[in-house]
$ cat work_18.txt   # compact mmCIF, C-alpha atoms and all ligand atoms
# COMPACT_ATOMS: atom_id res chain seq x y z
CA MET A 1 80.39 75.83 94.23
CA PRO A 2 81.54 78.33 91.60
CA SER A 3 80.82 81.51 93.59
CA SER A 4 83.28 80.67 96.39
CA ARG A 5 85.93 79.68 93.84
CA ARG A 6 86.05 83.12 92.26
CA THR A 7 87.47 85.08 95.17
CA PRO A 8 88.75 84.06 98.58
CA SER A 9 86.19 84.54 101.40
CA PRO A 10 86.72 87.29 104.02
CA VAL A 11 87.81 84.74 106.66
CA ILE A 12 90.50 83.38 104.31
CA ARG A 13 91.66 86.87 103.35
CA ILE A 14 91.79 88.28 106.90
CA THR A 15 93.54 85.23 108.38
CA HIS A 16 95.93 85.11 105.38
CA TRP A 17 97.11 88.69 105.88
CA ILE A 18 97.29 88.49 109.69
CA GLY A 19 99.21 85.20 109.32
CA ALA A 20 101.50 86.69 106.64
CA LEU A 21 102.42 89.67 108.88
CA ALA A 22 103.00 87.35 111.84
CA MET A 23 105.14 85.08 109.64
CA LEU A 24 107.32 88.00 108.51
CA ALA A 25 107.79 89.08 112.15
CA LEU A 26 108.62 85.48 113.10
CA ILE A 27 111.26 85.23 110.36
CA GLY A 28 112.93 88.56 111.25
CA SER A 29 112.90 87.90 115.01
CA GLY A 30 113.95 84.26 114.44
CA TRP A 31 117.01 85.51 112.54
CA GLN A 32 117.79 87.82 115.48
CA ILE A 33 117.63 84.88 117.90
CA TYR A 34 119.71 82.69 115.55
CA ASN A 35 122.44 85.36 115.36
CA ALA A 36 122.97 85.08 119.14
CA SER A 37 124.05 81.44 118.70
CA PRO A 38 124.42 80.46 115.01
CA ILE A 39 124.33 76.76 114.07
CA LEU A 40 125.78 77.43 110.60
CA PRO A 41 128.90 79.41 109.62
CA PHE A 42 127.00 82.62 108.87
CA GLU A 43 124.82 85.27 110.50
CA PHE A 44 121.84 87.18 109.09
CA PRO A 45 122.46 90.86 108.34
CA ALA A 46 121.26 93.15 111.15
CA TRP A 47 118.95 95.10 108.80
CA ALA A 48 116.95 91.93 108.12
CA THR A 49 116.42 91.11 111.79
CA LEU A 50 113.73 92.23 114.20
CA GLY A 51 114.07 93.07 117.90
CA GLY A 52 117.48 94.80 118.08
CA TRP A 53 118.99 92.24 120.49
CA LEU A 54 118.41 88.69 121.73
CA GLY A 55 115.77 89.65 124.34
CA GLY A 56 113.91 91.89 121.88
CA GLY A 57 114.00 89.14 119.24
CA ILE A 58 112.56 86.59 121.69
CA ALA A 59 109.77 89.00 122.74
CA TRP A 60 108.79 89.60 119.09
CA HIS A 61 109.04 85.89 118.28
CA PHE A 62 106.64 84.82 121.03
CA ALA A 63 104.19 87.68 120.42
CA ALA A 64 104.06 86.85 116.68
CA MET A 65 103.80 83.12 117.45
CA TRP A 66 100.53 83.64 119.36
CA VAL A 67 99.15 85.80 116.54
CA LEU A 68 100.08 83.16 113.94
CA MET A 69 98.58 80.37 116.07
CA ALA A 70 95.30 82.28 116.56
CA ALA A 71 94.99 83.15 112.83
CA GLY A 72 96.08 79.61 111.90
CA ILE A 73 93.45 77.94 114.10
CA VAL A 74 90.65 80.14 112.65
CA TYR A 75 91.95 79.54 109.08
CA LEU A 76 92.23 75.76 109.53
CA ALA A 77 88.84 75.45 111.25
CA TYR A 78 87.14 77.54 108.55
CA GLY A 79 88.99 75.70 105.77
CA VAL A 80 87.77 72.32 107.04
CA LEU A 81 84.23 73.28 108.11
CA SER A 82 83.36 75.41 105.05
CA GLY A 83 84.66 72.75 102.63
CA HIS A 84 87.22 75.23 101.24
CA PHE A 85 90.14 72.83 101.68
CA LEU A 86 88.33 69.91 100.08
CA ARG A 87 86.98 72.00 97.22
CA ASP A 88 89.83 74.41 96.44
CA LEU A 89 93.08 73.07 97.93
CA ARG A 90 92.77 69.27 97.57
CA PRO A 91 95.86 68.10 95.61
CA THR A 92 94.93 66.88 92.13
CA GLY A 93 97.57 64.21 91.45
CA PRO A 94 100.91 64.11 89.60
CA ARG A 95 99.47 64.23 86.05
CA ALA A 96 97.60 67.48 86.65
CA VAL A 97 100.67 68.95 88.37
CA GLY A 98 102.86 67.97 85.39
CA ARG A 99 100.36 69.47 82.94
CA ASP A 100 99.96 72.74 84.84
CA LEU A 101 103.71 73.03 85.49
CA ALA A 102 104.43 72.61 81.75
CA LEU A 103 101.83 75.29 80.96
CA ALA A 104 103.20 77.59 83.67
CA LEU A 105 106.79 77.28 82.39
CA ARG A 106 105.56 78.35 78.93
CA PHE A 107 103.63 81.23 80.56
CA ARG A 108 100.38 79.71 79.27
CA LEU A 109 98.74 78.87 82.58
CA SER A 110 95.91 81.19 83.54
CA HIS A 111 95.55 82.26 87.10
CA ALA A 112 92.50 83.69 88.86
CA ALA A 113 91.93 84.70 92.48
CA GLY A 114 90.37 81.93 94.54
CA HIS A 115 90.69 79.36 91.76
CA TYR A 116 93.80 77.30 92.29
CA ASN A 117 95.59 75.25 89.65
CA ALA A 118 97.33 71.94 90.44
CA VAL A 119 100.73 73.59 91.11
CA GLN A 120 99.20 76.15 93.50
CA ARG A 121 97.29 73.42 95.34
CA LEU A 122 100.52 71.47 95.81
CA LEU A 123 102.45 74.57 96.94
CA TYR A 124 99.73 75.76 99.35
CA THR A 125 99.15 72.36 100.99
CA GLY A 126 102.95 71.97 101.13
CA VAL A 127 103.55 75.32 102.85
CA LEU A 128 100.66 74.72 105.29
CA THR A 129 102.24 71.39 106.28
CA VAL A 130 105.64 73.08 106.63
CA ALA A 131 104.09 75.87 108.75
CA LEU A 132 102.54 73.25 111.07
CA LEU A 133 105.92 71.50 111.39
CA THR A 134 107.58 74.87 112.10
CA VAL A 135 105.14 75.59 114.94
CA ALA A 136 105.47 72.04 116.36
CA SER A 137 109.31 72.05 116.21
CA GLY A 138 109.32 75.58 117.70
CA LEU A 139 107.15 74.44 120.62
CA SER A 140 109.46 71.44 121.14
CA ILE A 141 112.56 73.67 121.53
CA TRP A 142 110.66 76.23 123.64
CA LYS A 143 109.41 73.63 126.19
CA PRO A 144 111.76 70.64 125.83
CA VAL A 145 110.94 69.49 129.39
CA GLN A 146 107.15 69.97 129.53
CA LEU A 147 106.77 68.82 125.89
CA GLY A 148 109.53 66.19 126.15
CA TRP A 149 107.53 63.72 124.05
CA LEU A 150 107.39 66.24 121.17
CA THR A 151 111.12 67.01 121.43
CA TRP A 152 111.75 63.24 121.42
CA LEU A 153 109.54 62.84 118.30
CA PHE A 154 111.74 65.39 116.49
CA GLY A 155 114.88 63.45 117.47
CA GLY A 156 115.98 65.57 120.45
CA TYR A 157 116.62 69.25 121.08
CA ASP A 158 119.53 69.73 118.65
CA VAL A 159 117.78 67.96 115.76
CA ALA A 160 114.52 69.84 116.49
CA ARG A 161 116.41 73.15 116.31
CA ARG A 162 117.84 72.19 112.92
CA ILE A 163 114.42 71.05 111.68
CA HIS A 164 112.95 74.40 112.83
CA PHE A 165 115.66 76.22 110.85
CA ALA A 166 115.14 74.01 107.76
CA MET A 167 111.36 74.64 107.83
CA MET A 168 112.01 78.42 108.06
CA THR A 169 114.23 78.10 104.98
CA LEU A 170 111.45 76.32 103.05
CA ILE A 171 108.95 79.06 104.06
CA VAL A 172 111.35 81.80 102.89
CA ALA A 173 111.82 79.96 99.55
CA PHE A 174 108.02 79.61 99.20
CA LEU A 175 107.58 83.30 100.01
CA ALA A 176 110.05 84.39 97.32
CA LEU A 177 108.12 82.40 94.69
CA HIS A 178 104.69 83.28 96.12
CA ILE A 179 105.33 87.05 96.19
CA ALA A 180 106.94 86.98 92.71
CA LEU A 181 103.86 85.18 91.30
CA ALA A 182 101.47 87.55 93.10
CA LEU A 183 103.28 90.53 91.56
CA LEU A 184 103.32 88.84 88.16
CA VAL A 185 99.53 88.32 88.30
CA PRO A 186 98.39 91.42 90.26
CA SER A 187 94.69 90.61 89.85
CA THR A 188 95.12 87.72 92.32
CA LEU A 189 96.73 90.15 94.79
CA PHE A 190 93.79 92.52 94.33
CA GLY A 191 91.39 89.62 94.91
CA MET A 192 93.24 88.52 98.05
CA VAL A 193 93.13 92.11 99.43
CA PHE A 194 89.66 93.28 98.37
CA GLY A 195 87.79 90.03 97.79
CA ARG A 196 87.11 90.71 94.11
CA ARG A 197 89.08 91.18 90.93
CA ALA A 198 90.22 94.59 89.71
CA SER A 199 87.89 94.52 86.71
CA ALA A 200 86.13 91.70 84.82
CA SER A 201 82.75 90.14 85.49
CA PRO A 202 82.39 86.99 87.60
CA LYS A 203 81.88 85.02 84.38
CA THR A 204 85.29 86.13 83.11
CA ASP A 205 86.85 85.11 86.43
CA VAL A 206 85.71 81.54 85.98
CA GLN A 207 86.82 81.41 82.36
CA GLU A 208 90.22 82.78 83.30
CA GLY A 209 90.54 80.14 85.99
CA THR A 210 90.80 77.35 83.41
CA ALA A 211 94.04 76.52 81.62
CA ARG A 212 94.12 77.72 78.06
C1 LIG A 301 103.67 88.65 102.68
C2 LIG A 301 103.47 88.47 101.43
C3 LIG A 301 102.39 87.63 100.82
C4 LIG A 301 101.71 87.95 99.70
C5 LIG A 301 101.91 89.23 98.84
C6 LIG A 301 100.76 86.90 99.44
C7 LIG A 301 99.86 86.88 98.40
C8 LIG A 301 98.89 85.92 98.18
C9 LIG A 301 97.89 85.94 97.14
C10 LIG A 301 97.76 87.05 96.10
C11 LIG A 301 97.14 84.82 97.25
C12 LIG A 301 95.97 84.42 96.34
C13 LIG A 301 96.55 83.64 95.19
C14 LIG A 301 95.50 83.38 94.12
O1 LIG A 301 94.33 83.67 94.33
O2 LIG A 301 95.87 82.88 93.06
C15 LIG A 301 97.64 84.06 98.37
C16 LIG A 301 97.11 82.87 98.84
C17 LIG A 301 97.73 82.06 99.78
N1 LIG A 301 98.88 82.36 100.48
FE1 LIG A 301 99.88 84.16 100.44
N2 LIG A 301 100.89 85.94 100.40
C18 LIG A 301 101.87 86.33 101.27
C19 LIG A 301 102.32 85.62 102.38
C20 LIG A 301 101.99 84.30 102.66
C21 LIG A 301 102.59 83.50 103.71
C22 LIG A 301 103.65 83.97 104.71
C23 LIG A 301 102.02 82.28 103.63
C24 LIG A 301 102.29 81.05 104.48
C25 LIG A 301 103.48 80.71 104.89
C26 LIG A 301 101.05 82.29 102.56
C27 LIG A 301 100.26 81.23 102.18
C28 LIG A 301 99.20 81.30 101.30
C29 LIG A 301 98.20 80.26 101.14
C30 LIG A 301 98.16 78.90 101.87
C31 LIG A 301 97.27 80.74 100.20
C32 LIG A 301 95.97 80.05 99.76
C33 LIG A 301 94.91 80.50 100.77
C34 LIG A 301 93.57 79.78 100.61
O3 LIG A 301 92.86 80.04 99.65
O4 LIG A 301 93.23 78.99 101.51
N3 LIG A 301 101.07 83.54 101.98
N4 LIG A 301 98.70 84.75 98.92
$ encode --input "work_18.txt" --output "structure tokens" --more "lines below"
Ligand code: HEM
Amino acid sequence: MPSSRRTPSPVIRITHWIGALAMLALIGSGWQIYNASPILPFEFPAWATLGGWLGGGIAWHFAAMWVLMAAGIVYLAYGVLSGHFLRDLRPTGPRAVGRDLALALRFRLSHAAGHYNAVQRLLYTGVLTVALLTVASGLSIWKPVQLGWLTWLFGGYDVARRIHFAMMTLIVAFLALHIALALLVPSTLFGMVFGRRASASPKTDVQEGTAR
């Protein structure tokens, strides 16, 4: 369905931005909580943390968690029911990823809002899986008694805490790349904010979505 491939639908855009804000709050407050009892030989700088102290960090973390879960449930339900995931995010296989990666590294891969190449599809499905694992491991260390089966699935409380930290690290790495690419191709950012491209007719959007 070409029309829905040109720009992300309002549901995708609204849930993306609400989820992104919640994710940033979760990272900052998570770093605050981590600093109270670090598992690695370093702490996060105070300026990058949210909440001011352990109790404040926990309050922010839980508030943002509910926001992320609400936006995530709407996003996932819409993505499945509207066919968006199947149509636009379904991974395309290693050959297409290799081809698009080679084009991207030579700065020859075109990029249009709502039309995802093989590398984007892999990155987006990857980060969505990581986000689900982050939520699940977070729930398992929040309620290790009530959700004992989940904590057990993650290998126990201590392992679950390390998995939660590792998933956060993957999300931060994704974000660095994701934001850099969005700034490099600002028309996609415009499309994700306003639902259409800065200029260009719809026809141009589709043409630009194919690798040249
Ligand atoms: C806060 C800064 C962020 C910016 C500036 C940003 C920007 C963007 C832009 C411009 C797109 C559209 C890309 C395109 O059309 O080619 C996009 C899509 C996407 N972003 Fe972000 N994003 C941010 C945060 C996040 C976070 C925190 C996540 C998840 C951890 C995320 C996951 C995604 C996913 C999965 C898509 C594809 C959505 C779909 O079509 O279903 N983004 N983002």
$ residues_around --input "work_18.txt" --residues "range 119-129 of chain A" --least-positions-apart "4" --cutoff "7 Å" --atoms "all atoms listed in the file" --output "ChimeraX atom specification"
/A:89-91,97,100-101,133,171
$ residues_around --input "work_18.txt" --residues "Thr151 in chain A" --least-positions-apart "2" --cutoff "10 Å" --atoms "only C-alpha atoms" --output "compact mmCIF listing (two decimals) with C-alpha atoms, in the frame of the given file"
# COMPACT_ATOMS: atom_id res chain seq x y z
CA ALA A 136 105.47 72.04 116.36
CA SER A 137 109.31 72.05 116.21
CA GLY A 138 109.32 75.58 117.70
CA LEU A 139 107.15 74.44 120.62
CA SER A 140 109.46 71.44 121.14
CA ILE A 141 112.56 73.67 121.53
CA TRP A 142 110.66 76.23 123.64
CA LYS A 143 109.41 73.63 126.19
CA PRO A 144 111.76 70.64 125.83
CA VAL A 145 110.94 69.49 129.39
CA GLN A 146 107.15 69.97 129.53
CA LEU A 147 106.77 68.82 125.89
CA GLY A 148 109.53 66.19 126.15
CA TRP A 149 107.53 63.72 124.05
CA LEU A 153 109.54 62.84 118.30
CA PHE A 154 111.74 65.39 116.49
CA GLY A 155 114.88 63.45 117.47
CA GLY A 156 115.98 65.57 120.45
CA TYR A 157 116.62 69.25 121.08
CA ASP A 158 119.53 69.73 118.65
CA VAL A 159 117.78 67.96 115.76
CA ALA A 160 114.52 69.84 116.49
CA ARG A 161 116.41 73.15 116.31
$ residues_around --input "work_18.txt" --residues "Phe165 in chain A" --least-positions-apart "6" --cutoff "9 Å" --atoms "all atoms listed in the file" --output "PyMOL selection string"
chain A and resi 30+34+134
$ closest_residue --input "work_18.txt" --among "A:Ala70, A:Ala59, A:Ile163, A:Leu86" --to "ligand LIG 301 (chain A)" --atoms "only C-alpha atoms and all ligand atoms"
A:Leu86
$ closest_residue --input "work_18.txt" --among "A:Leu50, A:Ala20, A:Leu150, A:Ile12" --to "Gln32 in chain A" --atoms "only C-alpha atoms"
A:Leu50
$ residues_near_ligand --input "work_18.txt" --ligand "ligand LIG 301 (chain A)" --cutoff "9 Å" --atoms "all atoms listed in the file" --output "mmCIF file with C-alpha atoms, in the frame of the given file"
data_model
loop_
_atom_site.group_PDB
_atom_site.id
_atom_site.type_symbol
_atom_site.label_atom_id
_atom_site.label_comp_id
_atom_site.auth_asym_id
_atom_site.auth_seq_id
_atom_site.Cartn_x
_atom_site.Cartn_y
_atom_site.Cartn_z
ATOM 1 C CA ARG A 6 86.050 83.120 92.260
ATOM 2 C CA THR A 7 87.470 85.080 95.170
ATOM 3 C CA PRO A 8 88.750 84.060 98.580
ATOM 4 C CA SER A 9 86.190 84.540 101.400
ATOM 5 C CA ILE A 12 90.500 83.380 104.310
ATOM 6 C CA ARG A 13 91.660 86.870 103.350
ATOM 7 C CA HIS A 16 95.930 85.110 105.380
ATOM 8 C CA TRP A 17 97.110 88.690 105.880
ATOM 9 C CA GLY A 19 99.210 85.200 109.320
ATOM 10 C CA ALA A 20 101.500 86.690 106.640
ATOM 11 C CA LEU A 21 102.420 89.670 108.880
ATOM 12 C CA ALA A 22 103.000 87.350 111.840
ATOM 13 C CA MET A 23 105.140 85.080 109.640
ATOM 14 C CA LEU A 24 107.320 88.000 108.510
ATOM 15 C CA TYR A 75 91.950 79.540 109.080
ATOM 16 C CA LEU A 76 92.230 75.760 109.530
ATOM 17 C CA GLY A 79 88.990 75.700 105.770
ATOM 18 C CA HIS A 84 87.220 75.230 101.240
ATOM 19 C CA PHE A 85 90.140 72.830 101.680
ATOM 20 C CA ASP A 88 89.830 74.410 96.440
ATOM 21 C CA LEU A 89 93.080 73.070 97.930
ATOM 22 C CA HIS A 111 95.550 82.260 87.100
ATOM 23 C CA ALA A 112 92.500 83.690 88.860
ATOM 24 C CA ALA A 113 91.930 84.700 92.480
ATOM 25 C CA GLY A 114 90.370 81.930 94.540
ATOM 26 C CA HIS A 115 90.690 79.360 91.760
ATOM 27 C CA TYR A 116 93.800 77.300 92.290
ATOM 28 C CA ASN A 117 95.590 75.250 89.650
ATOM 29 C CA GLN A 120 99.200 76.150 93.500
ATOM 30 C CA ARG A 121 97.290 73.420 95.340
ATOM 31 C CA LEU A 123 102.450 74.570 96.940
ATOM 32 C CA TYR A 124 99.730 75.760 99.350
ATOM 33 C CA THR A 125 99.150 72.360 100.990
ATOM 34 C CA GLY A 126 102.950 71.970 101.130
ATOM 35 C CA VAL A 127 103.550 75.320 102.850
ATOM 36 C CA LEU A 128 100.660 74.720 105.290
ATOM 37 C CA VAL A 130 105.640 73.080 106.630
ATOM 38 C CA ALA A 131 104.090 75.870 108.750
ATOM 39 C CA ILE A 171 108.950 79.060 104.060
ATOM 40 C CA VAL A 172 111.350 81.800 102.890
ATOM 41 C CA PHE A 174 108.020 79.610 99.200
ATOM 42 C CA LEU A 175 107.580 83.300 100.010
ATOM 43 C CA ALA A 176 110.050 84.390 97.320
ATOM 44 C CA HIS A 178 104.690 83.280 96.120
ATOM 45 C CA ILE A 179 105.330 87.050 96.190
ATOM 46 C CA ALA A 180 106.940 86.980 92.710
ATOM 47 C CA LEU A 181 103.860 85.180 91.300
ATOM 48 C CA ALA A 182 101.470 87.550 93.100
ATOM 49 C CA LEU A 183 103.280 90.530 91.560
ATOM 50 C CA VAL A 185 99.530 88.320 88.300
ATOM 51 C CA PRO A 186 98.390 91.420 90.260
ATOM 52 C CA SER A 187 94.690 90.610 89.850
ATOM 53 C CA THR A 188 95.120 87.720 92.320
ATOM 54 C CA LEU A 189 96.730 90.150 94.790
ATOM 55 C CA PHE A 190 93.790 92.520 94.330
ATOM 56 C CA GLY A 191 91.390 89.620 94.910
ATOM 57 C CA MET A 192 93.240 88.520 98.050
ATOM 58 C CA VAL A 193 93.130 92.110 99.430
#
$ closest_residue --input "work_18.txt" --among "A:Leu81, A:Ala166, A:Leu132, A:Ala118" --to "Arg99 in chain A" --atoms "all atoms listed in the file"
A:Ala118
$ atom_distance --input "work_18.txt" --atom1 "CA of Pro41 in chain A" --atom2 "CA of Gly57 in chain A"
20.2 Å
$ atom_distance --input "work_18.txt" --atom1 "CA of Trp53 in chain A" --atom2 "CA of Ile18 in chain A"
24.5 Å
$ closest_residue --input "work_18.txt" --among "A:Leu26, A:Ala96, A:Leu105, A:Val11" --to "Phe62 in chain A" --atoms "all atoms listed in the file"
A:Leu26
$ atom_distance --input "work_18.txt" --atom1 "CA of Ala25 in chain A" --atom2 "CA of His61 in chain A"
7.0 Å
$ residues_near_point --input "work_18.txt" --point "(122.7, 85.7, 119.3)" --cutoff "12 Å" --atoms "all atoms listed in the file" --output "PyMOL selection string"
chain A and resi 29-39+42-44+46+49+51-58
$ decode --input "work_18.txt" --residues "range 14-65 of chain A" --atoms "C-alpha atoms" --output "PDB file, in the first residue's frame"
ATOM      1  CA  ILE A  14       2.413   9.999  18.434  1.00  0.00           C
ATOM      2  CA  THR A  15       3.349   6.714  20.134  1.00  0.00           C
ATOM      3  CA  HIS A  16       6.944   7.042  18.822  1.00  0.00           C
ATOM      4  CA  TRP A  17       7.451  10.468  20.387  1.00  0.00           C
ATOM      5  CA  ILE A  18       5.673   9.648  23.662  1.00  0.00           C
ATOM      6  CA  GLY A  19       7.727   6.421  23.851  1.00  0.00           C
ATOM      7  CA  ALA A  20      10.962   8.284  23.002  1.00  0.00           C
ATOM      8  CA  LEU A  21      10.394  10.837  25.811  1.00  0.00           C
ATOM      9  CA  ALA A  22       9.536   8.059  28.254  1.00  0.00           C
ATOM     10  CA  MET A  23      12.644   6.136  27.166  1.00  0.00           C
ATOM     11  CA  LEU A  24      14.894   9.168  27.777  1.00  0.00           C
ATOM     12  CA  ALA A  25      13.348   9.623  31.251  1.00  0.00           C
ATOM     13  CA  LEU A  26      13.819   5.906  31.941  1.00  0.00           C
ATOM     14  CA  ILE A  27      17.499   6.057  30.965  1.00  0.00           C
ATOM     15  CA  GLY A  28      18.248   9.164  33.077  1.00  0.00           C
ATOM     16  CA  SER A  29      16.343   7.897  36.129  1.00  0.00           C
ATOM     17  CA  GLY A  30      17.780   4.384  35.646  1.00  0.00           C
ATOM     18  CA  TRP A  31      21.285   5.868  35.814  1.00  0.00           C
ATOM     19  CA  GLN A  32      20.284   7.649  39.041  1.00  0.00           C
ATOM     20  CA  ILE A  33      19.106   4.355  40.559  1.00  0.00           C
ATOM     21  CA  TYR A  34      22.247   2.540  39.327  1.00  0.00           C
ATOM     22  CA  ASN A  35      24.498   5.152  40.979  1.00  0.00           C
ATOM     23  CA  ALA A  36      23.035   4.254  44.396  1.00  0.00           C
ATOM     24  CA  SER A  37      24.432   0.719  44.039  1.00  0.00           C
ATOM     25  CA  PRO A  38      26.706   0.342  40.979  1.00  0.00           C
ATOM     26  CA  ILE A  39      27.358  -3.152  39.585  1.00  0.00           C
ATOM     27  CA  LEU A  40      30.336  -1.954  37.508  1.00  0.00           C
ATOM     28  CA  PRO A  41      33.374   0.095  38.595  1.00  0.00           C
ATOM     29  CA  PHE A  42      31.915   3.424  37.460  1.00  0.00           C
ATOM     30  CA  GLU A  43      29.029   5.817  38.094  1.00  0.00           C
ATOM     31  CA  PHE A  44      27.069   7.979  35.655  1.00  0.00           C
ATOM     32  CA  PRO A  45      27.739  11.725  35.888  1.00  0.00           C
ATOM     33  CA  ALA A  46      25.118  13.549  37.983  1.00  0.00           C
ATOM     34  CA  TRP A  47      24.208  15.899  35.098  1.00  0.00           C
ATOM     35  CA  ALA A  48      23.063  12.921  33.011  1.00  0.00           C
ATOM     36  CA  THR A  49      20.787  11.520  35.711  1.00  0.00           C
ATOM     37  CA  LEU A  50      17.166  12.291  36.521  1.00  0.00           C
ATOM     38  CA  GLY A  51      15.503  12.512  39.935  1.00  0.00           C
ATOM     39  CA  GLY A  52      18.208  14.115  42.113  1.00  0.00           C
ATOM     40  CA  TRP A  53      18.445  11.173  44.542  1.00  0.00           C
ATOM     41  CA  LEU A  54      17.552   7.483  44.754  1.00  0.00           C
ATOM     42  CA  GLY A  55      13.890   8.056  45.735  1.00  0.00           C
ATOM     43  CA  GLY A  56      13.412  10.695  43.034  1.00  0.00           C
ATOM     44  CA  GLY A  57      15.030   8.411  40.445  1.00  0.00           C
ATOM     45  CA  ILE A  58      12.714   5.525  41.385  1.00  0.00           C
ATOM     46  CA  ALA A  59       9.624   7.789  41.192  1.00  0.00           C
ATOM     47  CA  TRP A  60      10.617   8.995  37.695  1.00  0.00           C
ATOM     48  CA  HIS A  61      11.500   5.453  36.591  1.00  0.00           C
ATOM     49  CA  PHE A  62       8.103   4.004  37.510  1.00  0.00           C
ATOM     50  CA  ALA A  63       6.125   6.968  36.152  1.00  0.00           C
ATOM     51  CA  ALA A  64       7.987   6.757  32.811  1.00  0.00           C
ATOM     52  CA  MET A  65       7.625   2.963  32.768  1.00  0.00           C
TER      53      MET A  65
END
